[in-house]
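Enquirer: So that you have it, the file is final.pdb, and it contains PDB, C-alpha atoms and all ligand atoms:
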```pdb
MODEL        1
ATOM      1  CA  MET G 152     -12.960   5.670 -23.136
ATOM      2  CA  ALA G 153     -11.956   3.941 -19.934
ATOM      3  CA  ILE G 154     -13.994   2.978 -16.914
ATOM      4  CA  ILE G 155     -12.521   4.975 -14.029
ATOM      5  CA  ILE G 156     -11.764   2.677 -11.111
ATOM      6  CA  ASP G 157     -13.138   4.360  -8.009
ATOM      7  CA  GLY G 158     -10.707   3.481  -5.228
ATOM      8  CA  LYS G 159     -12.350   5.919  -2.884
ATOM      9  CA  LYS G 160     -15.721   4.197  -3.216
ATOM     10  CA  ILE G 161     -14.270   0.696  -2.787
ATOM     11  CA  SER G 162     -12.180   1.775   0.191
ATOM     12  CA  THR G 163     -15.294   3.300   1.801
ATOM     13  CA  LEU G 164     -17.102  -0.027   1.330
ATOM     14  CA  ILE G 165     -14.208  -1.938   2.899
ATOM     15  CA  LYS G 166     -14.082   0.502   5.807
ATOM     16  CA  GLU G 167     -17.827  -0.007   6.334
ATOM     17  CA  GLU G 168     -17.257  -3.781   6.419
ATOM     18  CA  ILE G 169     -14.482  -3.324   8.992
ATOM     19  CA  LYS G 170     -16.572  -0.930  11.075
ATOM     20  CA  ASN G 171     -19.387  -3.496  11.239
ATOM     21  CA  GLN G 172     -16.955  -6.134  12.447
ATOM     22  CA  VAL G 173     -15.552  -3.797  15.110
ATOM     23  CA  GLU G 174     -19.080  -3.012  16.315
ATOM     24  CA  LYS G 175     -19.727  -6.753  16.686
ATOM     25  CA  ILE G 176     -16.493  -7.178  18.667
ATOM     26  CA  ILE G 177     -17.387  -4.298  20.987
ATOM     27  CA  SER G 178     -20.982  -5.483  21.451
ATOM     28  CA  LYS G 179     -19.601  -8.820  22.638
ATOM     29  CA  GLY G 180     -17.494  -7.020  25.243
ATOM     30  CA  GLY G 181     -14.194  -7.068  23.331
ATOM     31  CA  ARG G 182     -11.781  -4.171  23.062
ATOM     32  CA  ALA G 183     -11.171  -2.172  19.880
ATOM     33  CA  PRO G 184      -8.282  -3.193  17.596
ATOM     34  CA  HIS G 185      -5.290  -0.880  18.037
ATOM     35  CA  LEU G 186      -2.876   0.309  15.307
ATOM     36  CA  ALA G 187       0.245   2.284  16.168
ATOM     37  CA  ALA G 188       2.232   4.282  13.617
ATOM     38  CA  VAL G 189       5.817   5.396  14.090
ATOM     39  CA  LEU G 190       6.917   8.456  12.165
ATOM     40  CA  VAL G 191      10.506   9.632  12.342
ATOM     41  CA  GLY G 192      10.948  13.300  11.432
ATOM     42  CA  GLU G 193       8.465  15.714   9.931
ATOM     43  CA  ASP G 194       8.530  15.071   6.180
ATOM     44  CA  GLY G 195       5.357  16.678   4.804
ATOM     45  CA  ALA G 196       4.216  13.785   2.596
ATOM     46  CA  SER G 197       4.912  11.129   5.259
ATOM     47  CA  LEU G 198       3.108  13.186   7.875
ATOM     48  CA  THR G 199       0.064  13.424   5.580
ATOM     49  CA  TYR G 200       0.084   9.673   4.908
ATOM     50  CA  VAL G 201       0.426   8.764   8.575
ATOM     51  CA  SER G 202      -2.215  11.291   9.669
ATOM     52  CA  ASN G 203      -4.619   9.810   7.093
ATOM     53  CA  LYS G 204      -3.942   6.324   8.435
ATOM     54  CA  VAL G 205      -4.625   7.458  11.985
ATOM     55  CA  ALA G 206      -7.802   9.341  10.951
ATOM     56  CA  SER G 207      -9.084   6.240   9.152
ATOM     57  CA  CYS G 208      -8.649   4.191  12.318
ATOM     58  CA  LYS G 209     -11.087   6.519  14.023
ATOM     59  CA  GLN G 210     -13.609   6.096  11.186
ATOM     60  CA  VAL G 211     -13.773   2.318  11.687
ATOM     61  CA  GLY G 212     -13.678   2.369  15.493
ATOM     62  CA  PHE G 213     -10.042   1.338  15.952
ATOM     63  CA  LYS G 214      -7.804   2.798  18.586
ATOM     64  CA  SER G 215      -4.682   4.401  17.129
ATOM     65  CA  SER G 216      -1.448   5.917  18.366
ATOM     66  CA  LEU G 217       0.880   8.186  16.441
ATOM     67  CA  ILE G 218       4.420   8.077  17.741
ATOM     68  CA  ASN G 219       6.322  10.976  16.222
ATOM     69  CA  LEU G 220      10.037  10.760  16.933
ATOM     70  CA  PRO G 221      12.643  13.420  16.134
ATOM     71  CA  TYR G 222      14.578  13.197  12.850
ATOM     72  CA  GLU G 223      17.887  13.012  14.745
ATOM     73  CA  ILE G 224      16.832   9.983  16.819
ATOM     74  CA  LYS G 225      19.561   7.343  17.263
ATOM     75  CA  GLU G 226      18.945   3.966  15.667
ATOM     76  CA  GLU G 227      19.193   2.208  19.056
ATOM     77  CA  LYS G 228      16.481   4.377  20.496
ATOM     78  CA  LEU G 229      14.169   3.654  17.568
ATOM     79  CA  LEU G 230      14.883  -0.067  17.971
ATOM     80  CA  ARG G 231      13.979   0.199  21.673
ATOM     81  CA  GLU G 232      10.677   1.821  20.722
ATOM     82  CA  ILE G 233       9.991  -1.078  18.370
ATOM     83  CA  THR G 234      10.719  -3.596  21.119
ATOM     84  CA  ARG G 235       8.307  -1.715  23.347
ATOM     85  CA  LEU G 236       5.576  -1.933  20.690
ATOM     86  CA  ASN G 237       6.346  -5.625  20.098
ATOM     87  CA  ASN G 238       5.705  -6.242  23.810
ATOM     88  CA  GLU G 239       2.761  -3.887  24.258
ATOM     89  CA  LYS G 240      -0.256  -6.193  24.679
ATOM     90  CA  GLU G 241      -2.735  -3.464  23.775
ATOM     91  CA  VAL G 242      -1.117  -2.793  20.372
ATOM     92  CA  ASP G 243      -2.253  -5.330  17.772
ATOM     93  CA  GLY G 244      -0.212  -4.057  14.867
ATOM     94  CA  PHE G 245       2.133  -1.220  14.029
ATOM     95  CA  ILE G 246       3.954   0.371  11.142
ATOM     96  CA  VAL G 247       7.145   2.355  10.812
ATOM     97  CA  GLN G 248       6.605   4.916   8.062
ATOM     98  CA  LEU G 249       9.262   4.812   5.328
ATOM     99  CA  PRO G 250      11.547   6.308   4.212
ATOM    100  CA  LEU G 251      13.640   6.625   7.362
ATOM    101  CA  PRO G 252      16.473   9.149   7.783
ATOM    102  CA  LYS G 253      19.732   8.106   6.102
ATOM    103  CA  HIS G 254      21.541   7.439   9.407
ATOM    104  CA  ILE G 255      19.097   4.661  10.269
ATOM    105  CA  ASP G 256      19.437   1.178   8.779
ATOM    106  CA  GLU G 257      15.985   0.440   7.356
ATOM    107  CA  ASP G 258      16.619  -3.320   7.126
ATOM    108  CA  LYS G 259      17.563  -3.484  10.807
ATOM    109  CA  VAL G 260      14.381  -1.657  11.749
ATOM    110  CA  LEU G 261      12.104  -3.857   9.631
ATOM    111  CA  LEU G 262      13.772  -7.006  10.995
ATOM    112  CA  ALA G 263      13.112  -5.821  14.550
ATOM    113  CA  ILE G 264       9.331  -5.765  14.088
ATOM    114  CA  ASN G 265       7.513  -8.824  15.407
ATOM    115  CA  PRO G 266       6.122 -10.458  12.212
ATOM    116  CA  LYS G 267       2.820 -11.051  14.033
ATOM    117  CA  LYS G 268       2.392  -7.288  14.420
ATOM    118  CA  ASP G 269       3.877  -6.346  11.036
ATOM    119  CA  VAL G 270       0.678  -5.090   9.415
ATOM    120  CA  ASP G 271       2.723  -3.519   6.587
ATOM    121  CA  GLY G 272       3.955  -6.992   5.619
ATOM    122  CA  PHE G 273       7.515  -5.680   5.202
ATOM    123  CA  HIS G 274       9.291  -8.187   7.491
ATOM    124  CA  PRO G 275      11.173 -10.856   5.472
ATOM    125  CA  THR G 276       9.079 -13.561   7.169
ATOM    126  CA  ASN G 277       5.867 -12.017   5.887
ATOM    127  CA  PHE G 278       7.316 -11.108   2.493
ATOM    128  CA  GLY G 279       8.536 -14.720   2.150
ATOM    129  CA  LYS G 280       5.140 -16.114   3.114
ATOM    130  CA  MET G 281       3.497 -13.823   0.567
ATOM    131  CA  ALA G 282       5.905 -15.085  -2.118
ATOM    132  CA  LEU G 283       5.073 -18.687  -1.177
ATOM    133  CA  ASN G 284       1.327 -17.988  -1.289
ATOM    134  CA  MET G 285       0.977 -18.681   2.441
ATOM    135  CA  GLU G 286      -1.430 -16.885   4.743
ATOM    136  CA  THR G 287       0.204 -13.634   5.922
ATOM    137  CA  PHE G 288      -0.009  -9.842   5.976
ATOM    138  CA  VAL G 289       0.286  -8.753   2.343
ATOM    139  CA  SER G 290       1.681  -5.211   2.058
ATOM    140  CA  ALA G 291      -1.020  -2.598   1.894
ATOM    141  CA  THR G 292      -0.481  -1.226  -1.622
ATOM    142  CA  PRO G 293      -0.217  -4.583  -3.458
ATOM    143  CA  TYR G 294      -3.105  -5.917  -1.365
ATOM    144  CA  GLY G 295      -5.175  -2.848  -2.329
ATOM    145  CA  ILE G 296      -4.400  -3.320  -6.029
ATOM    146  CA  ILE G 297      -5.501  -6.975  -5.920
ATOM    147  CA  GLU G 298      -8.694  -5.936  -4.114
ATOM    148  CA  LEU G 299      -9.465  -3.316  -6.803
ATOM    149  CA  LEU G 300      -8.955  -5.837  -9.620
ATOM    150  CA  LYS G 301     -11.163  -8.307  -7.729
ATOM    151  CA  ARG G 302     -13.992  -5.882  -7.051
ATOM    152  CA  TYR G 303     -14.019  -4.636 -10.664
ATOM    153  CA  ASP G 304     -13.998  -8.250 -11.854
ATOM    154  CA  ILE G 305     -10.951  -7.672 -14.058
ATOM    155  CA  ASP G 306      -9.657 -10.910 -15.538
ATOM    156  CA  THR G 307      -5.921 -11.347 -15.014
ATOM    157  CA  ASN G 308      -5.667 -14.966 -16.172
ATOM    158  CA  GLY G 309      -3.177 -15.500 -18.974
ATOM    159  CA  LYS G 310      -2.835 -11.729 -19.384
ATOM    160  CA  HIS G 311       0.466  -9.970 -19.853
ATOM    161  CA  THR G 312       1.016  -7.735 -16.843
ATOM    162  CA  VAL G 313       3.820  -5.202 -17.011
ATOM    163  CA  VAL G 314       4.955  -3.803 -13.670
ATOM    164  CA  ILE G 315       6.915  -0.552 -13.864
ATOM    165  CA  GLY G 316       9.272  -0.277 -10.888
ATOM    166  CA  ARG G 317      10.892  -2.882  -8.661
ATOM    167  CA  SER G 318      10.617  -1.420  -5.156
ATOM    168  CA  ASN G 319      10.264  -3.696  -2.149
ATOM    169  CA  ILE G 320       7.006  -1.946  -1.237
ATOM    170  CA  VAL G 321       5.130  -2.177  -4.544
ATOM    171  CA  GLY G 322       6.843  -3.383  -7.738
ATOM    172  CA  ARG G 323       8.470  -6.537  -6.397
ATOM    173  CA  PRO G 324       5.510  -7.831  -4.327
ATOM    174  CA  ILE G 325       2.818  -7.036  -6.913
ATOM    175  CA  SER G 326       4.848  -8.792  -9.621
ATOM    176  CA  ILE G 327       4.894 -11.918  -7.428
ATOM    177  CA  LEU G 328       1.176 -11.703  -6.636
ATOM    178  CA  MET G 329       0.172 -11.226 -10.273
ATOM    179  CA  SER G 330       2.088 -14.317 -11.377
ATOM    180  CA  ARG G 331       0.997 -16.667  -8.585
ATOM    181  CA  LYS G 332      -1.340 -19.553  -9.217
ATOM    182  CA  ALA G 333      -4.570 -17.934  -8.094
ATOM    183  CA  LYS G 334      -7.778 -16.580  -9.577
ATOM    184  CA  LEU G 335      -6.341 -13.093  -9.122
ATOM    185  CA  GLY G 336      -2.987 -13.889 -10.613
ATOM    186  CA  ASN G 337      -2.055 -16.369 -13.344
ATOM    187  CA  SER G 338      -0.609 -13.453 -15.304
ATOM    188  CA  THR G 339       2.565 -13.518 -17.342
ATOM    189  CA  VAL G 340       4.547 -10.787 -15.631
ATOM    190  CA  THR G 341       7.309  -8.540 -16.924
ATOM    191  CA  VAL G 342       9.035  -6.186 -14.490
ATOM    192  CA  VAL G 343      10.549  -3.120 -16.142
ATOM    193  CA  HIS G 344      12.682  -0.514 -14.383
ATOM    194  CA  SER G 345      15.163   2.291 -14.813
ATOM    195  CA  ARG G 346      17.702   0.034 -16.562
ATOM    196  CA  THR G 347      15.218  -1.534 -19.002
ATOM    197  CA  LYS G 348      16.054  -0.953 -22.646
ATOM    198  CA  ASN G 349      13.133   0.018 -24.865
ATOM    199  CA  LEU G 350      10.595   0.113 -22.036
ATOM    200  CA  LYS G 351       7.930   1.223 -24.508
ATOM    201  CA  PHE G 352       8.168  -2.119 -26.308
ATOM    202  CA  PHE G 353       6.989  -3.852 -23.133
ATOM    203  CA  THR G 354       4.267  -1.386 -22.180
ATOM    204  CA  ASN G 355       2.922  -1.487 -25.747
ATOM    205  CA  ASN G 356       2.495  -5.235 -25.365
ATOM    206  CA  ALA G 357       0.837  -5.131 -21.950
ATOM    207  CA  ASP G 358      -2.770  -6.094 -21.174
ATOM    208  CA  ILE G 359      -2.357  -4.713 -17.648
ATOM    209  CA  ILE G 360       0.120  -2.024 -16.588
ATOM    210  CA  ILE G 361       0.882  -1.449 -12.912
ATOM    211  CA  SER G 362       3.037   1.632 -12.632
ATOM    212  CA  ALA G 363       4.919   2.497  -9.444
ATOM    213  CA  LEU G 364       7.603   4.767 -10.756
ATOM    214  CA  GLY G 365       6.874   8.176  -9.240
ATOM    215  CA  VAL G 366       7.470  10.147 -12.439
ATOM    216  CA  PRO G 367       4.432  12.317 -13.208
ATOM    217  CA  ASN G 368       2.821  11.856 -16.661
ATOM    218  CA  PHE G 369       5.448   9.267 -17.631
ATOM    219  CA  LEU G 370       3.074   6.834 -19.316
ATOM    220  CA  LYS G 371       1.831   8.394 -22.574
ATOM    221  CA  ALA G 372      -0.872   7.255 -24.981
ATOM    222  CA  ASN G 373       1.728   6.075 -27.532
ATOM    223  CA  MET G 374       3.145   3.673 -24.914
ATOM    224  CA  VAL G 375      -0.042   1.640 -24.404
ATOM    225  CA  LYS G 376      -2.315  -0.481 -26.545
ATOM    226  CA  ASN G 377      -6.079  -0.172 -26.893
ATOM    227  CA  GLY G 378      -8.021  -1.816 -24.076
ATOM    228  CA  VAL G 379      -5.154  -1.814 -21.567
ATOM    229  CA  VAL G 380      -5.931  -1.818 -17.820
ATOM    230  CA  ILE G 381      -3.856   0.838 -16.056
ATOM    231  CA  ILE G 382      -3.229   0.757 -12.318
ATOM    232  CA  ASP G 383      -1.397   3.955 -11.424
ATOM    233  CA  VAL G 384       0.441   3.778  -8.112
ATOM    234  CA  GLY G 385       2.477   6.958  -8.619
ATOM    235  CA  ILE G 386       1.616   9.834  -6.304
ATOM    236  CA  THR G 387       3.936  12.786  -6.825
ATOM    237  CA  ARG G 388       3.447  16.277  -5.460
ATOM    238  CA  VAL G 389       3.807  18.727  -8.349
ATOM    239  CA  LYS G 390       4.139  22.403  -7.522
ATOM    240  CA  ASP G 391       1.022  24.410  -8.413
ATOM    241  CA  LEU G 392       0.786  27.855  -6.879
ATOM    242  CA  ASN G 393      -2.857  28.169  -7.946
ATOM    243  CA  LYS G 394      -3.743  25.528  -5.375
ATOM    244  CA  ARG G 395      -4.260  26.260  -1.692
ATOM    245  CA  LYS G 396      -1.739  23.626  -0.702
ATOM    246  CA  GLY G 397       0.749  24.835  -3.317
ATOM    247  CA  TYR G 398       0.825  21.478  -5.123
ATOM    248  CA  VAL G 399      -1.274  18.934  -7.001
ATOM    249  CA  LEU G 400      -0.950  15.144  -6.865
ATOM    250  CA  LYS G 401       0.018  13.509 -10.152
ATOM    251  CA  GLY G 402       0.153   9.880 -11.140
ATOM    252  CA  ASP G 403       2.605   8.143 -13.473
ATOM    253  CA  ALA G 404       0.051   8.082 -16.295
ATOM    254  CA  ASP G 405      -0.732  11.020 -18.533
ATOM    255  CA  PHE G 406      -4.338  10.482 -17.486
ATOM    256  CA  GLU G 407      -6.189  12.599 -20.054
ATOM    257  CA  SER G 408      -4.511  10.960 -23.043
ATOM    258  CA  VAL G 409      -4.230   7.334 -21.892
ATOM    259  CA  LYS G 410      -7.799   7.163 -20.622
ATOM    260  CA  GLU G 411      -8.966   7.352 -24.253
ATOM    261  CA  LYS G 412      -7.208   4.046 -25.011
ATOM    262  CA  ALA G 413      -7.559   2.171 -21.706
ATOM    263  CA  SER G 414     -10.459  -0.103 -20.753
ATOM    264  CA  TYR G 415      -9.957   0.626 -17.026
ATOM    265  CA  ILE G 416      -7.802   3.182 -15.261
ATOM    266  CA  THR G 417      -7.221   4.311 -11.680
ATOM    267  CA  PRO G 418      -7.176   8.085 -11.131
ATOM    268  CA  VAL G 419      -4.705   9.986  -8.939
ATOM    269  CA  PRO G 420      -5.845  10.904  -6.368
ATOM    270  CA  GLY G 421      -8.760   8.563  -5.589
ATOM    271  CA  GLY G 422      -7.459   5.316  -7.070
ATOM    272  CA  VAL G 423      -4.856   3.154  -5.376
ATOM    273  CA  GLY G 424      -4.118   5.627  -2.543
ATOM    274  CA  PRO G 425      -7.312   5.162  -0.509
ATOM    275  CA  MET G 426      -7.057   1.388  -1.025
ATOM    276  CA  THR G 427      -3.679   1.339   0.693
ATOM    277  CA  ILE G 428      -5.261   2.627   3.870
ATOM    278  CA  ALA G 429      -8.217   0.237   3.648
ATOM    279  CA  SER G 430      -5.791  -2.684   3.291
ATOM    280  CA  LEU G 431      -3.779  -1.550   6.291
ATOM    281  CA  LEU G 432      -6.986  -1.539   8.339
ATOM    282  CA  GLN G 433      -7.852  -5.018   7.048
ATOM    283  CA  ASN G 434      -4.416  -6.233   8.138
ATOM    284  CA  THR G 435      -4.827  -4.620  11.553
ATOM    285  CA  LEU G 436      -8.141  -6.376  12.100
ATOM    286  CA  LYS G 437      -6.459  -9.628  11.104
ATOM    287  CA  ALA G 438      -3.617  -8.964  13.576
ATOM    288  CA  TYR G 439      -6.171  -8.313  16.308
ATOM    289  CA  LYS G 440      -7.822 -11.645  15.563
ATOM    290  CA  ILE G 441      -4.473 -13.477  15.648
ATOM    291  CA  ASN G 442      -2.842 -11.682  18.583
ATOM    292  CA  PHE G 443      -5.769 -10.923  20.826
ATOM    293  CA  GLU G 444      -8.717 -13.174  20.061
ATOM    294  CA  GLY G 445      -6.344 -16.039  19.248
ATOM    295  CA  SER G 446      -4.652 -15.681  22.623
ATOM    296  CA  LYS G 447      -7.816 -15.862  24.719
TER
HETATM  297  N1  LIG P 501       6.042   4.626   2.658
HETATM  298  C1  LIG P 501       5.391   4.591   1.480
HETATM  299  N2  LIG P 501       4.419   3.644   1.497
HETATM  300  C2  LIG P 501       4.464   3.077   2.717
HETATM  301  C3  LIG P 501       3.711   2.050   3.337
HETATM  302  O1  LIG P 501       2.796   1.445   2.768
HETATM  303  N3  LIG P 501       4.058   1.775   4.629
HETATM  304  C4  LIG P 501       5.081   2.406   5.266
HETATM  305  N4  LIG P 501       5.345   2.034   6.515
HETATM  306  N5  LIG P 501       5.793   3.354   4.715
HETATM  307  C5  LIG P 501       5.487   3.692   3.446
ENDMDL
END
```
Is it possible to express this structure as structure tokens?
Ligand code: GUN
Expert:
Amino acid sequence: MAIIIDGKKISTLIKEEIKNQVEKIISKGGRAPHLAAVLVGEDGASLTYVSNKVASCKQVGFKSSLINLPYEIKEEKLLREITRLNNEKEVDGFIVQLPLPKHIDEDKVLLAINPKKDVDGFHPTNFGKMALNMETFVSATPYGIIELLKRYDIDTNGKHTVVIGRSNIVGRPISILMSRKAKLGNSTVTVVHSRTKNLKFFTNNADIIISALGVPNFLKANMVKNGVVIIDVGITRVKDLNKRKGYVLKGDADFESVKEKASYITPVPGGVGPMTIASLLQNTLKAYKINFEGSK
């Protein structure tokens, strides 16, 4: 029976730590760190994520701005908004919520963000620094996963980590972080994805599974070995008319069955999700220190 990794509790602790630091800054006469979030369109899930990010800013004493732009916005106009945020002295860091509408070139948008304000760590400069183990903004979800492993004292050294999914946001960066030469790393990493043959062979040989696939209940008990550590990044809305919202959130793991075999497992919700927000706040505080305090 697995130990359930409580991402909500850890994220609350991190937010407390951040709040204390903000109080110190304010008591010394400084201004509050400021995170801006750009949301294009009104996709329900994205709106929820962004609203949660903004609400969390309030909890720790940050200033926040939500810039909601219409779905039909022209790419040039979005790029102008990004330039404005790059130049806005009172904004320490900002994010552009993904995915963007199909008519907008995501790469162009991410490249337009000043790397010093890129608290999502999506700009190639920051992604490259992360890959080279240099100081940078590590993307919120991978950063949150590393923090969870650290705070639960889970040994990753020499372990076989299998990452399911190869997205730029989660799979690719976490596979790099888990293999780097570092106390929280030193893993032998296999990345499996939609084209992998006999995926079960790899998951059955994994000490740690990090799943970012987005297919509810994909990972079954017969796909994992006893004692495996499961980090479930999948958050999919599954229709459930018995619920007030009309849906439930499901992870990639068939939680009830795999928890009997795992040594540690993250639940959905309440596992990786809250950590993503805590990491974003940590990055924003870091941006404040670089861009504002560093410039005094
Ligand atoms: N879409 C899904 N996850 C993320 C994230 O961490 N940041 C942004 N900007 N968009 C996302």
Enquirer: Identify which of the residues G:Pro420, G:Gly385, G:Gly445, G:Gly397 lies closest to ligand LIG 501 (chain P), counting all atoms listed in the file when measuring atom-to-atom distances.
Expert: G:Gly385
Enquirer: Where's the centre, and what are the edge lengths in Å to one decimal, of a box along x, y and z enclosing all listed atoms of ligand LIG 501 (chain P) padded 6 Å per side, as lines of an AutoDock Vina configuration file?
Expert:
```
center_x = 4.4
center_y = 3.0
center_z = 4.0
size_x = 15.2
size_y = 15.2
size_z = 17.0
```
Enquirer: Please extract the residues at most 10 Å from ligand LIG 501 (chain P), counting only C-alpha atoms and all ligand atoms, and provide them as an NGL selection string, using the chain letters and residue numbers of this document.
Expert: :G and (188-190 or 196-197 or 200-201 or 204 or 245-251 or 261 or 269-273 or 290-293 or 320-321 or 424 or 427-428 or 430-431)
Enquirer: If you measure from atom CA of Ile305 of chain G to atom CA of Val380 of chain G, what distance in Å do you get, rounded to one decimal?
Expert: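 Distance between the two atoms: 8.6 Å.
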Enquirer: Between G:Leu186, G:Leu220, G:Leu335, G:Val314, which one has atoms that come closest to Asp358 of chain G, using all atoms listed in the file?
Expert: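 With all atoms listed in the file as the atom set, the closest residue is G:Val314.
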Enquirer: For this file, the PyMOL selection byres (((chain G and resi 227-231) around 9) and not hetatm) selects which residues, as number ranges by chain?
Expert: G: 191, 220, 224-226, 232-236, 255, 259-260, 263-264
Enquirer: Can you tell me how far atom CA of Lys332 of chain G sits from atom CA of Leu283 of chain G, in Å to one decimal?
Expert: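 Separating atom CA of Lys332 of chain G from atom CA of Leu283 of chain G is a distance of 10.3 Å.
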Enquirer: Compare G:Thr347, G:Ser362, G:Ser215, G:Gln433 by their minimum atom-to-atom distance to Glu168 of chain G, counting all atoms listed in the file, and give me the closest one.
Expert: G:Gln433
Enquirer: Identify which of the residues G:Ala282, G:Ala363, G:Ile161, G:Ile296 lies closest to Arg317 of chain G, counting only C-alpha atoms when measuring atom-to-atom distances.
Expert: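 So, comparing all the options, the nearest one is G:Ala363.
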Enquirer: Could you please determine the separation between atom CA of Ala357 of chain G and atom CA of Val419 of chain G in Å, to one decimal place?
Expert: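 Computing it gives 20.7 Å between the two atoms.
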Enquirer: Measuring between only C-alpha atoms, which one of G:Lys334, G:Leu217, G:Gly316, G:Ile325 shows the shortest distance to Lys301 of chain G?
Expert: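 Once distances to Lys301 of chain G are computed over only C-alpha atoms, the minimum belongs to G:Lys334.
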Enquirer: Counting all atoms listed in the file, figure out which residue out of G:Ser318, G:Gln172, G:Asn284, G:Asn203 gets nearest to Ala333 of chain G.
Expert: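 Of G:Ser318, G:Gln172, G:Asn284, G:Asn203, the one nearest Ala333 of chain G is G:Asn284, counting all atoms listed in the file.
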Enquirer: Tell me which residues the PyMOL selection byres (((chain G and resi 153) around 8) and not hetatm) grabs here, as a PyMOL selection string.
Expert: chain G and resi 152+154-155+410-416
Enquirer: Residues around (-8.8, -12.5, 19.0), cut-off 12 Å, counting all atoms listed in the file - what are they as a list in words?
Expert: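 Residues with an atom at most 12 Å from (-8.8, -12.5, 19.0): Val173, Ile176, Lys179, Gly181, Arg182, Ala183, Pro184, Glu241, Asp243, Thr435, Leu436, Lys437, Ala438, Tyr439, Lys440, Ile441, Asn442, Phe443, Glu444, Gly445, Ser446 and Lys447 of chain G.
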Enquirer: Return as number ranges by chain the set of residues that the PyMOL selection byres (((chain G and resi 211) around 8) and not hetatm) yields on the displayed structure.
Expert: G: 166-167, 169-170, 173, 207-210, 212-213
Enquirer: Would you mind listing what lies within 9 Å of Phe369 of chain G as a short mmCIF file (atom, residue, chain, number, x, y, z; two decimals) with C-alpha atoms, keeping the file's coordinate frame, with all atoms listed in the file counted and same-chain residues fewer than 6 positions away left out?
Expert:
```cif
data_model
loop_
_atom_site.label_atom_id
_atom_site.label_comp_id
_atom_site.auth_asym_id
_atom_site.auth_seq_id
_atom_site.Cartn_x
_atom_site.Cartn_y
_atom_site.Cartn_z
CA GLY G 402 0.15 9.88 -11.14
CA ASP G 403 2.60 8.14 -13.47
CA ALA G 404 0.05 8.08 -16.30
CA ASP G 405 -0.73 11.02 -18.53
#
```
